[in-house]
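Undergrad: Starting off with a structure, shown below.
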Number of protein chains: 2
Amino acid sequence: MTILRLLALAGGLALAAPTLAQQAEKVDQAMIAKIKDEGMNRSKVMETAFYLTDVCGPRLANSDGLKRANEWTKGQLTKWGMSNANIEPWGDFGRGWDIEKSYVAMTAPYYHAMIGAPKAWTPSTTGNVKKQVVYVNATTEADLAKFQGKLRDKIVLTAVATPPKTTFEADAKRYTDDELTKMMEAQPARPTTEDPAMTERMNARRAQAALRTKLNEMLMSEGAAAVLSTRGGSHGTFFTSNGAPYAADAKPVLPEIEMSPEDQLRLIRLVEAGIPVEVEMETKTRFQNTDLKGYNVIAEIPGSDKKLKKEIVMLGGHLDSWHAATGATDNAAGCAVMMEAMRILKATGVKPRRTIRIALWGEEEQGLHGSRNYVKNHFADPATMKLLPDHEKLAGYFNLDNGGGKIRGIYLQGNEGVAPIFDAWLKPFADMGATTVTPRNTGGTDHLAFDAVGLPGFQFVQDGLDYNTRTHHTNQDTFDRLQADDLKQASVIVASFVYHTAMRDQKLPRKPLPAAVPKS
Amino acid sequence: MTILRLLALAGGLALAAPTLAQQAEKVDQAMIAKIKDEGMNRSKVMETAFYLTDVCGPRLANSDGLKRANEWTKGQLTKWGMSNANIEPWGDFGRGWDIEKSYVAMTAPYYHAMIGAPKAWTPSTTGNVKKQVVYVNATTEADLAKFQGKLRDKIVLTAVATPPKTTFEADAKRYTDDELTKMMEAQPARPTTEDPAMTERMNARRAQAALRTKLNEMLMSEGAAAVLSTRGGSHGTFFTSNGAPYAADAKPVLPEIEMSPEDQLRLIRLVEAGIPVEVEMETKTRFQNTDLKGYNVIAEIPGSDKKLKKEIVMLGGHLDSWHAATGATDNAAGCAVMMEAMRILKATGVKPRRTIRIALWGEEEQGLHGSRNYVKNHFADPATMKLLPDHEKLAGYFNLDNGGGKIRGIYLQGNEGVAPIFDAWLKPFADMGATTVTPRNTGGTDHLAFDAVGLPGFQFVQDGLDYNTRTHHTNQDTFDRLQADDLKQASVIVASFVYHTAMRDQKLPRKPLPAAVPKS
């Protein structure tokens, strides 16, 4: 936090004369009252979330579920009176993939139906296969060699890196006042690449991925039947991992199910005790190779100010999800809130000076593809930093993708210039728990695509709830996890931030343009 | 708590001269040291628990799994040098039942494999059935009537009474010092039948069961295909209920799967939104009608005192479990601890004055059948209170069946006379967290069978851990939930209590004999 901002926050001390920007920042209290009334008393956010999750279903990149969600959101935004609703292709992604059957059970030493789901983009088994299992407990290539000649026609178990623990801490949490104060007073975060612990973790992950590639080659050449693996979780919750390759020309892999750790561990313990274990499994998965493109859903409330209507305020979340659940907190919640913010604004009869544009991104989970390519197509390619004409027109981008928790503040993302603006805009929502403008950065989601080309893109600070323990990329990220009060609160705050960005005399301040980062 | 006991606990105040019993209670510190050494340094309790859970599998009353466990425990106790190991029939139970296939998925509006397990003692589906679903949301018989003519060939959904909630409290807990102090200072509990809240709950439960019986009749007469129901749980954990009737002449019921609430709720929300929902399911269950008897596993360390060896100290837990998991905390944990206590005692080369007898009960989950019938066969029938010769020979019975948590104390079960004895016996385990002799009663498990005929039967106070949230009668009561340190601690405390009961000059004090309770 800068000294100036600290003084500004301290508020009206003799030595801390407010700057011009702080004096001038307008907050439209009448409009905020309208937004709160519409958003808190006539909310549609849970209905929207229901359609995105239960009705559309899992929304893996380029899956049928994502296509349903694209169509439904386009239609719904149009119904609510938005303009120019469009399912806009962003470029080439890869194959679509959907599950048509998923079944796995232990059949010896006794019958036990197990919990798991096919790993994304893995092929079908040839009907119902029933095979002996082998536990390939390998941490090095030398370990792998020991299994040569022992894997033909076997179902292979890989190790459980993080066994479930009995939890003496709550699954769900909210930020405490103390934590929020620390976030507000924090120093701007350094780029994460300089964190040695992170580097170590990344290296370990790369080594693991390399070993897994070797294992895949060995399994194919040895003629193994299928793989059961696990990424973690507990009590019937399991995490899914990054999937098999989705490229149209990807190397073939074996059928694979990602398992609940308890079921995987039971199999492993039995095998290690020398007890023969047999598993039956059937996965039927369907690849779609006809349309390899990825899409974003776009819709607008057109601007009304002759001069400013060509400028744009954007808000977004990602519509795609992982496949083992319905991606309720990751990120139907964000999409439902952003759609609700648009609906609220429209319902207030708003006439924004700038154009307000919602983007529901596709293929975020595979590397922010939808947003990165949208930015590349419309604003600038970070590899060249050659700016397109719209680059200067973007007033700001707001993203919501940290689960289903209510908004507690916003990350500055290294853009100190917006701090007094966001301070002023958050103030009317202090009674709803949103107070904290933090100099910290956050990553992992679509505002980075904007940030990467010097556009002011922001992610809100959200209560974590059970995102890390139960929902983020798990089979339990379902509608049941959503908290109506949290989503309503988030909707009105987003609506207000977007509105104020649209009405402001100036676009939001920007950071200096970054240097081009040529593709490696 | 009585005044005398309070003074005794206060310890050596001038006005509180210890009574004769308190002065005389012997504690064999040398033996306790041996027990601790064997139990903490050469424990087999986790290995035993592994065999009971993973290797034997689910152990539903009269199932193949329970038979495997009967055979394995008898063999293991014999291997450890116990005498008279025996799988002793206790009388007629009913049909055996095992699962051979369990699969359930939503197939429209899109494919989603669901989490559930066949309700105990329900029949098979006729292969893989794929049907439209109907949500029968009924709280009265009048509600049921609305569904007449609408259920033929349908898969019927029943309501979710307790939807999952986001949990801001930890799944697992241990007793705090404050809670233990309150338990120690508590008044002896009144019989639970006098608790109006309990009466209300019981009445509600009875009304619900009666409605469910009506529904079952209607489903059979209308020709519905199957039922999906749920008992609660969250995040992939689901609870199982009391099962269909297991009597050999039970009325037929439909195939039924007990579901994870999240999956059930998704189906219900879709149906309620008017979206056609189709489910496919296959359950294959096998009834065993050849041997309808129930069994307990018994083994002994014979007494060595000429006069006292005909007297018996008993310890036990129940070997049967519910079917959707491997009953790790309910009650493989208790059985493993009791077996380990026997092993520890044997390993110390003990020569107990009285005979020590372990009983691993069958059919506890259907109403303490194994222990109640054992007591009736060996000691007394509570319906007549005509005492059998062995009634006077039982020095005491110790039970463990409150999950996998370590021992924090023991319930007096209304028997104030044992308080100073248990105080003395617990003292050497204060450093292991076991301190609390509580006047409270506890119910729900096999010590009640002894208590019902005036025999001194006790259940230990155990840390709850995640028993109520995750394991008790759930699909997640697996080996993964067991805490080695807790089970080791419990084993040495039980071994010591049993040893001291076997060596004591007198049997444990008894409460006055209860009046006969004729069968209603």
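Identifiers for the structure tokens are assigned positionally: chains receive A, B, ... in sequence, residues are indexed from 1 per chain, and ligands are indexed from 1 in the order shown.
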May I have a table of the residues of chain B lying at most 6 Å from chain A, giving each one's closest pair of atoms and their distance in Å to one decimal, counting only C-alpha atoms, ordered by chain and ascending residue number, as JSON lines?
TA:
```
{"residue": "B:Glu100", "atom": "CA", "partner": "A:Tyr111", "partner_atom": "CA", "distance": 5.8}
{"residue": "B:Tyr111", "atom": "CA", "partner": "A:Glu100", "partner_atom": "CA", "distance": 5.8}
{"residue": "B:Thr167", "atom": "CA", "partner": "A:Ala172", "partner_atom": "CA", "distance": 5.6}
{"residue": "B:Phe168", "atom": "CA", "partner": "A:Ala172", "partner_atom": "CA", "distance": 4.9}
{"residue": "B:Glu169", "atom": "CA", "partner": "A:Ala170", "partner_atom": "CA", "distance": 4.6}
{"residue": "B:Ala170", "atom": "CA", "partner": "A:Ala170", "partner_atom": "CA", "distance": 3.7}
{"residue": "B:Asp171", "atom": "CA", "partner": "A:Thr167", "partner_atom": "CA", "distance": 5.9}
{"residue": "B:Ala172", "atom": "CA", "partner": "A:Phe168", "partner_atom": "CA", "distance": 4.9}
{"residue": "B:His235", "atom": "CA", "partner": "A:Gln476", "partner_atom": "CA", "distance": 5.6}
{"residue": "B:Gly236", "atom": "CA", "partner": "A:Gly236", "partner_atom": "CA", "distance": 4.0}
{"residue": "B:Thr237", "atom": "CA", "partner": "A:Gly236", "partner_atom": "CA", "distance": 5.5}
{"residue": "B:Gln476", "atom": "CA", "partner": "A:His235", "partner_atom": "CA", "distance": 5.6}
```
Undergrad: So that I have them on file, write out the residues from the current selection with all heavy atoms, as a short mmCIF file (atom, residue, chain, number, x, y, z; two decimals), in the first residue's frame.
TA:
```cif
data_model
loop_
_atom_site.label_atom_id
_atom_site.label_comp_id
_atom_site.auth_asym_id
_atom_site.auth_seq_id
_atom_site.Cartn_x
_atom_site.Cartn_y
_atom_site.Cartn_z
N GLU B 100 -24.50 -57.71 -5.67
CA GLU B 100 -23.64 -58.22 -6.75
C GLU B 100 -23.49 -57.21 -7.88
O GLU B 100 -22.62 -57.35 -8.73
CB GLU B 100 -24.20 -59.54 -7.27
CG GLU B 100 -24.18 -60.62 -6.20
CD GLU B 100 -24.50 -62.00 -6.72
OE1 GLU B 100 -25.20 -62.10 -7.75
OE2 GLU B 100 -24.06 -62.98 -6.10
N TYR B 111 -26.36 -37.32 -19.61
CA TYR B 111 -25.84 -38.44 -18.83
C TYR B 111 -25.13 -37.95 -17.57
O TYR B 111 -24.31 -37.05 -17.62
CB TYR B 111 -24.86 -39.29 -19.65
CG TYR B 111 -24.40 -40.50 -18.87
CD1 TYR B 111 -25.14 -41.68 -18.88
CD2 TYR B 111 -23.27 -40.45 -18.06
CE1 TYR B 111 -24.76 -42.78 -18.13
CE2 TYR B 111 -22.88 -41.53 -17.30
CZ TYR B 111 -23.63 -42.70 -17.34
OH TYR B 111 -23.25 -43.77 -16.57
N THR B 167 -20.77 -26.50 5.20
CA THR B 167 -20.42 -26.74 6.59
C THR B 167 -19.32 -25.80 7.08
O THR B 167 -18.19 -25.89 6.64
CB THR B 167 -19.97 -28.20 6.79
OG1 THR B 167 -19.09 -28.56 5.72
CG2 THR B 167 -21.15 -29.13 6.77
N PHE B 168 -19.72 -24.91 7.98
CA PHE B 168 -18.78 -23.99 8.60
C PHE B 168 -18.26 -24.54 9.93
O PHE B 168 -17.59 -23.84 10.67
CB PHE B 168 -19.45 -22.62 8.80
CG PHE B 168 -19.73 -21.92 7.50
CD1 PHE B 168 -20.93 -22.10 6.83
CD2 PHE B 168 -18.77 -21.10 6.92
CE1 PHE B 168 -21.18 -21.47 5.61
CE2 PHE B 168 -19.01 -20.47 5.71
CZ PHE B 168 -20.22 -20.65 5.05
N GLU B 169 -18.61 -25.79 10.22
CA GLU B 169 -18.05 -26.47 11.39
C GLU B 169 -17.27 -27.68 10.91
O GLU B 169 -17.62 -28.31 9.91
CB GLU B 169 -19.17 -26.95 12.33
CG GLU B 169 -19.65 -25.84 13.24
CD GLU B 169 -20.63 -26.35 14.27
OE1 GLU B 169 -20.51 -27.52 14.70
OE2 GLU B 169 -21.51 -25.58 14.64
N ALA B 170 -16.24 -28.04 11.66
CA ALA B 170 -15.40 -29.17 11.26
C ALA B 170 -16.21 -30.46 11.30
O ALA B 170 -17.08 -30.63 12.16
CB ALA B 170 -14.20 -29.27 12.18
N ASP B 171 -15.91 -31.36 10.37
CA ASP B 171 -16.52 -32.69 10.39
C ASP B 171 -16.17 -33.41 11.70
O ASP B 171 -17.01 -34.07 12.28
CB ASP B 171 -15.95 -33.54 9.25
CG ASP B 171 -16.56 -33.19 7.90
OD1 ASP B 171 -17.60 -32.51 7.89
OD2 ASP B 171 -15.99 -33.61 6.89
N ALA B 172 -14.91 -33.31 12.09
CA ALA B 172 -14.43 -34.11 13.23
C ALA B 172 -14.15 -33.24 14.45
O ALA B 172 -13.68 -32.11 14.32
CB ALA B 172 -13.16 -34.86 12.83
N HIS B 235 -21.74 -34.16 -0.07
CA HIS B 235 -20.45 -34.22 -0.79
C HIS B 235 -20.06 -35.63 -1.21
O HIS B 235 -18.87 -35.96 -1.22
CB HIS B 235 -19.31 -33.68 0.09
CG HIS B 235 -19.57 -32.35 0.70
ND1 HIS B 235 -19.78 -32.18 2.04
CD2 HIS B 235 -19.66 -31.13 0.15
CE1 HIS B 235 -19.97 -30.90 2.30
NE2 HIS B 235 -19.92 -30.24 1.18
N GLY B 236 -21.02 -36.48 -1.50
CA GLY B 236 -20.68 -37.85 -1.88
C GLY B 236 -20.82 -38.83 -0.73
O GLY B 236 -20.73 -40.04 -0.93
N THR B 237 -20.99 -38.32 0.47
CA THR B 237 -21.30 -39.17 1.61
C THR B 237 -22.82 -39.31 1.67
O THR B 237 -23.52 -38.31 1.61
CB THR B 237 -20.84 -38.50 2.93
OG1 THR B 237 -19.45 -38.22 2.85
CG2 THR B 237 -21.13 -39.39 4.12
N GLN B 476 -19.18 -43.98 3.60
CA GLN B 476 -17.81 -43.53 3.77
C GLN B 476 -17.20 -44.03 5.07
O GLN B 476 -16.19 -43.47 5.55
CB GLN B 476 -17.73 -42.00 3.69
CG GLN B 476 -18.02 -41.48 2.29
CD GLN B 476 -17.04 -42.02 1.25
OE1 GLN B 476 -15.85 -42.14 1.52
NE2 GLN B 476 -17.54 -42.37 0.08
#
```
Undergrad: Would you list the contacts of Ala333 (chain B) as a PyMOL selection string, taking every protein, DNA or RNA residue within 12 Å and counting only C-alpha atoms, but skipping same-chain residues closer than 6 positions in sequence?
TA: chain B and resi 45-53+316-321+326-327+339-340+360+399-406+462+467+471-472+477-484+486-488+490-491
Undergrad: With only C-alpha atoms as the atoms that count, which of B:Asp446, B:Glu25, B:Glu416, B:Asp451 lies nearest to Gln187 (chain B)?
TA: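 Closest residue, counting only C-alpha atoms: B:Glu416.
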Undergrad: Please provide as a PDB file with N, CA, C and O atoms, in the first residue's frame all residues within 9 Å of Arg42 (chain A), with the sequence filter that same-chain residues fewer than 4 positions apart are discarded (counting only C-alpha atoms).
TA:
```pdb
ATOM      1  N   ASP A  37     -32.280  -2.749  -4.707  1.00  0.00           N
ATOM      2  CA  ASP A  37     -33.690  -3.143  -4.651  1.00  0.00           C
ATOM      3  C   ASP A  37     -33.971  -4.268  -5.647  1.00  0.00           C
ATOM      4  O   ASP A  37     -34.539  -5.303  -5.296  1.00  0.00           O
ATOM      5  N   GLU A  38     -33.551  -4.086  -6.881  1.00  0.00           N
ATOM      6  CA  GLU A  38     -33.805  -5.105  -7.911  1.00  0.00           C
ATOM      7  C   GLU A  38     -33.068  -6.408  -7.576  1.00  0.00           C
ATOM      8  O   GLU A  38     -33.638  -7.496  -7.650  1.00  0.00           O
ATOM      9  N   ILE A 344     -30.109  -6.893 -13.820  1.00  0.00           N
ATOM     10  CA  ILE A 344     -30.428  -5.831 -12.863  1.00  0.00           C
ATOM     11  C   ILE A 344     -30.309  -4.465 -13.541  1.00  0.00           C
ATOM     12  O   ILE A 344     -31.207  -3.624 -13.444  1.00  0.00           O
TER      13      ILE A 344
END
```
Undergrad: Name the closest residue to Asn331 (chain A) among the candidates A:Lys507, A:Glu363, A:Tyr295, A:Val498; distances are taken between atoms, counting only C-alpha atoms.
TA: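 Checking each candidate against Asn331 (chain A), we get A:Glu363 as the closest.
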Undergrad: Quick one, how far is CA of Phe239 (chain B) from CA of Arg59 (chain B)?
TA: 15.9 Å
Undergrad: Using only C-alpha atoms, determine which residues lie at most 8 Å from Ile312 (chain B), disregarding the query and same-chain residues fewer than 5 positions distant; provide the list as a list in words.
TA: Arg354, Thr355, Ile356, Arg357, Lys393, Leu394, Ala395, Gly396 and Ala502 of chain B
Undergrad: Mind running region 188-255 of chain A against region 121-140 of chain A at 10 Å and telling me each contacting residue's nearest atom pair with the distance in Å (one decimal), counting only C-alpha atoms, chain and number ascending, as a Markdown table?
TA:
```
| residue | atom | partner | partner_atom | distance |
| --- | --- | --- | --- | --- |
| A:Ala207 | CA | A:Thr140 | CA | 9.3 |
| A:Gln208 | CA | A:Thr139 | CA | 7.9 |
| A:Leu211 | CA | A:Thr140 | CA | 7.0 |
| A:Arg212 | CA | A:Ala138 | CA | 9.5 |
| A:Lys214 | CA | A:Thr140 | CA | 9.9 |
| A:Leu215 | CA | A:Ala138 | CA | 9.0 |
| A:Ala224 | CA | A:Val134 | CA | 9.8 |
| A:Ala225 | CA | A:Lys131 | CA | 7.9 |
| A:Ala226 | CA | A:Thr125 | CA | 7.6 |
| A:Val227 | CA | A:Val133 | CA | 9.2 |
| A:Leu228 | CA | A:Val133 | CA | 9.3 |
| A:Asn242 | CA | A:Trp121 | CA | 9.7 |
| A:Gly243 | CA | A:Trp121 | CA | 6.1 |
| A:Ala244 | CA | A:Trp121 | CA | 5.1 |
| A:Pro245 | CA | A:Trp121 | CA | 6.6 |
| A:Tyr246 | CA | A:Trp121 | CA | 6.1 |
| A:Ala247 | CA | A:Trp121 | CA | 9.5 |
| A:Ala250 | CA | A:Trp121 | CA | 9.9 |
| A:Pro252 | CA | A:Pro123 | CA | 8.3 |
| A:Val253 | CA | A:Thr122 | CA | 6.6 |
| A:Leu254 | CA | A:Pro123 | CA | 6.6 |
| A:Pro255 | CA | A:Pro123 | CA | 5.0 |
```
Undergrad: Would you mind exporting the chosen residues as a compact mmCIF listing (two decimals), in the first residue's frame, restricted to all heavy atoms?
TA:
```
# COMPACT_ATOMS: atom_id res chain seq x y z
N ALA A 207 7.78 -32.87 -13.37
CA ALA A 207 8.42 -34.18 -13.29
C ALA A 207 7.36 -35.28 -13.24
O ALA A 207 7.48 -36.32 -13.91
CB ALA A 207 9.31 -34.25 -12.05
N GLN A 208 6.30 -35.02 -12.46
CA GLN A 208 5.22 -35.99 -12.34
C GLN A 208 4.52 -36.18 -13.69
O GLN A 208 4.22 -37.31 -14.08
CB GLN A 208 4.22 -35.45 -11.31
CG GLN A 208 3.43 -36.53 -10.61
CD GLN A 208 2.48 -35.92 -9.58
OE1 GLN A 208 2.32 -34.70 -9.50
NE2 GLN A 208 1.87 -36.77 -8.79
N LEU A 211 6.69 -38.24 -15.94
CA LEU A 211 6.64 -39.66 -15.58
C LEU A 211 5.34 -40.28 -16.06
O LEU A 211 5.31 -41.41 -16.54
CB LEU A 211 6.79 -39.82 -14.06
CG LEU A 211 6.98 -41.26 -13.59
CD1 LEU A 211 8.35 -41.80 -13.98
CD2 LEU A 211 6.79 -41.37 -12.08
N ARG A 212 4.26 -39.50 -15.92
CA ARG A 212 2.95 -40.00 -16.35
C ARG A 212 2.94 -40.24 -17.87
O ARG A 212 2.35 -41.20 -18.35
CB ARG A 212 1.85 -39.03 -15.91
CG ARG A 212 0.43 -39.49 -16.21
CD ARG A 212 0.12 -40.82 -15.52
NE ARG A 212 -0.73 -41.66 -16.34
CZ ARG A 212 -2.05 -41.72 -16.25
NH1 ARG A 212 -2.67 -41.03 -15.31
NH2 ARG A 212 -2.75 -42.48 -17.03
N LYS A 214 5.56 -41.06 -19.65
CA LYS A 214 6.32 -42.32 -19.82
C LYS A 214 5.44 -43.52 -19.50
O LYS A 214 5.45 -44.53 -20.20
CB LYS A 214 7.54 -42.34 -18.88
CG LYS A 214 8.66 -41.41 -19.30
CD LYS A 214 9.52 -42.06 -20.37
CE LYS A 214 10.54 -41.06 -20.89
NZ LYS A 214 11.04 -41.42 -22.22
N LEU A 215 4.69 -43.42 -18.39
CA LEU A 215 3.81 -44.51 -17.99
C LEU A 215 2.78 -44.78 -19.09
O LEU A 215 2.55 -45.93 -19.46
CB LEU A 215 3.11 -44.20 -16.66
CG LEU A 215 2.04 -45.20 -16.21
CD1 LEU A 215 2.62 -46.59 -15.97
CD2 LEU A 215 1.33 -44.72 -14.93
N ALA A 224 -1.85 -52.76 -21.58
CA ALA A 224 -2.72 -52.72 -20.40
C ALA A 224 -4.15 -52.39 -20.85
O ALA A 224 -4.36 -51.88 -21.94
CB ALA A 224 -2.21 -51.68 -19.41
N ALA A 225 -5.12 -52.70 -19.97
CA ALA A 225 -6.52 -52.55 -20.36
C ALA A 225 -7.06 -51.15 -20.05
O ALA A 225 -7.82 -50.59 -20.83
CB ALA A 225 -7.37 -53.60 -19.66
N ALA A 226 -6.70 -50.63 -18.89
CA ALA A 226 -7.27 -49.35 -18.45
C ALA A 226 -6.50 -48.88 -17.23
O ALA A 226 -5.68 -49.60 -16.67
CB ALA A 226 -8.74 -49.50 -18.10
N VAL A 227 -6.80 -47.64 -16.82
CA VAL A 227 -6.10 -47.03 -15.67
C VAL A 227 -7.12 -46.52 -14.68
O VAL A 227 -8.16 -45.98 -15.07
CB VAL A 227 -5.22 -45.85 -16.14
CG1 VAL A 227 -4.48 -45.20 -14.96
CG2 VAL A 227 -4.22 -46.31 -17.19
N LEU A 228 -6.84 -46.71 -13.40
CA LEU A 228 -7.56 -46.03 -12.32
C LEU A 228 -6.57 -45.13 -11.61
O LEU A 228 -5.53 -45.60 -11.12
CB LEU A 228 -8.17 -47.03 -11.32
CG LEU A 228 -9.09 -48.12 -11.88
CD1 LEU A 228 -9.63 -48.99 -10.74
CD2 LEU A 228 -10.23 -47.52 -12.68
N ASN A 242 -6.22 -32.51 -15.18
CA ASN A 242 -6.28 -31.73 -16.41
C ASN A 242 -6.68 -32.48 -17.67
O ASN A 242 -6.70 -31.91 -18.75
CB ASN A 242 -4.97 -30.98 -16.62
CG ASN A 242 -4.93 -29.75 -15.73
OD1 ASN A 242 -5.97 -29.15 -15.48
ND2 ASN A 242 -3.78 -29.39 -15.22
N GLY A 243 -7.00 -33.76 -17.52
CA GLY A 243 -7.54 -34.48 -18.68
C GLY A 243 -6.48 -34.96 -19.63
O GLY A 243 -5.31 -34.59 -19.53
N ALA A 244 -6.90 -35.80 -20.53
CA ALA A 244 -6.02 -36.29 -21.59
C ALA A 244 -5.99 -35.22 -22.69
O ALA A 244 -6.78 -34.28 -22.67
CB ALA A 244 -6.57 -37.60 -22.11
N PRO A 245 -5.08 -35.34 -23.64
CA PRO A 245 -4.99 -34.31 -24.69
C PRO A 245 -6.27 -34.24 -25.51
O PRO A 245 -6.87 -35.25 -25.81
CB PRO A 245 -3.82 -34.79 -25.55
CG PRO A 245 -3.04 -35.71 -24.68
CD PRO A 245 -4.04 -36.36 -23.77
N TYR A 246 -6.67 -33.00 -25.83
CA TYR A 246 -7.91 -32.79 -26.59
C TYR A 246 -7.64 -32.40 -28.04
O TYR A 246 -8.56 -32.20 -28.81
CB TYR A 246 -8.78 -31.74 -25.91
CG TYR A 246 -8.03 -30.49 -25.50
CD1 TYR A 246 -7.72 -29.50 -26.43
CD2 TYR A 246 -7.63 -30.31 -24.18
CE1 TYR A 246 -7.03 -28.36 -26.05
CE2 TYR A 246 -6.94 -29.18 -23.79
CZ TYR A 246 -6.64 -28.20 -24.73
OH TYR A 246 -5.95 -27.09 -24.36
N ALA A 247 -6.38 -32.30 -28.38
CA ALA A 247 -6.05 -31.92 -29.76
C ALA A 247 -6.57 -33.00 -30.71
O ALA A 247 -6.60 -34.18 -30.37
CB ALA A 247 -4.55 -31.78 -29.92
N ALA A 250 -4.14 -35.82 -31.11
CA ALA A 250 -3.48 -36.29 -29.88
C ALA A 250 -3.16 -37.77 -29.97
O ALA A 250 -3.89 -38.54 -30.60
CB ALA A 250 -4.39 -36.01 -28.68
N PRO A 252 -3.01 -41.59 -28.84
CA PRO A 252 -4.03 -42.37 -28.10
C PRO A 252 -3.58 -42.67 -26.67
O PRO A 252 -2.39 -42.82 -26.40
CB PRO A 252 -4.15 -43.66 -28.91
CG PRO A 252 -2.94 -43.72 -29.78
CD PRO A 252 -2.43 -42.32 -29.97
N VAL A 253 -4.54 -42.70 -25.77
CA VAL A 253 -4.29 -43.09 -24.38
C VAL A 253 -5.28 -44.18 -24.01
O VAL A 253 -6.20 -44.48 -24.77
CB VAL A 253 -4.45 -41.89 -23.41
CG1 VAL A 253 -3.38 -40.84 -23.66
CG2 VAL A 253 -5.85 -41.29 -23.52
N LEU A 254 -5.11 -44.77 -22.83
CA LEU A 254 -6.02 -45.82 -22.38
C LEU A 254 -7.28 -45.22 -21.76
O LEU A 254 -7.27 -44.08 -21.30
CB LEU A 254 -5.32 -46.68 -21.32
CG LEU A 254 -4.26 -47.65 -21.80
CD1 LEU A 254 -3.68 -48.40 -20.61
CD2 LEU A 254 -4.83 -48.63 -22.81
N PRO A 255 -8.35 -46.00 -21.70
CA PRO A 255 -9.49 -45.59 -20.87
C PRO A 255 -9.00 -45.39 -19.44
O PRO A 255 -8.16 -46.16 -18.96
CB PRO A 255 -10.44 -46.80 -20.94
CG PRO A 255 -10.04 -47.55 -22.17
CD PRO A 255 -8.56 -47.31 -22.34
```
Undergrad: Would you pick out the contacts of region 179-181 of chain B at 9 Å or less, using only C-alpha atoms, so that residues sharing its chain but fewer than 2 positions from it are not included, and give the list as a PyMOL selection string?
TA: chain B and resi 175-177+183-186+408-409+435-436+438
Undergrad: Just give me the gap between CA of Leu315 (chain A) and CA of His500 (chain A) in Å, one decimal is fine.
TA: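 Separation of CA of Leu315 (chain A) and CA of His500 (chain A): 12.7 Å.
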Undergrad: Which residues in region 138-359 of chain A does DSSP call helix (DSSP H, G or I)? List them as number ranges by chain.
TA: A: 141-145, 177-185, 192-194, 196-222, 261-272, 328-347
Undergrad: Write out as a list in words each polymer residue whose atoms come within 9 Å of Ser229 (chain A), counting only C-alpha atoms; drop sequence neighbours fewer than 4 positions from it.
TA: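 Result of the neighbour search: Lys119, Val156, Leu157, Thr158, Ala159, Val160, Glu256, Ile257, Glu258, Met259, Ser260, Pro261 and Gln264 of chain A.
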Undergrad: Would you write out those residues with C-alpha atoms, as a tab-separated table (two decimals), in the first residue's frame?
TA:
```
chain	number	residue	atom	x	y	z
A	119	LYS	CA	-10.79	-38.66	-17.07
A	156	VAL	CA	-3.49	-50.42	-13.62
A	157	LEU	CA	-3.73	-48.51	-10.34
A	158	THR	CA	-1.57	-45.42	-9.88
A	159	ALA	CA	-0.58	-44.09	-6.46
A	160	VAL	CA	-2.58	-41.79	-4.17
A	256	GLU	CA	-9.02	-44.06	-17.43
A	257	ILE	CA	-11.23	-43.34	-14.46
A	258	GLU	CA	-10.39	-40.75	-11.82
A	259	MET	CA	-11.38	-42.33	-8.53
A	260	SER	CA	-12.39	-41.34	-5.07
A	261	PRO	CA	-9.21	-41.78	-3.00
A	264	GLN	CA	-8.45	-46.33	-4.86
```
Undergrad: Residues within 8 Å of Ser83 (chain B), please, as a list in words. Count only C-alpha atoms; anything in the same chain fewer than 3 positions from it doesn't count.
TA: Thr78, Ala299, Glu300, Ile301 and Pro302 of chain B
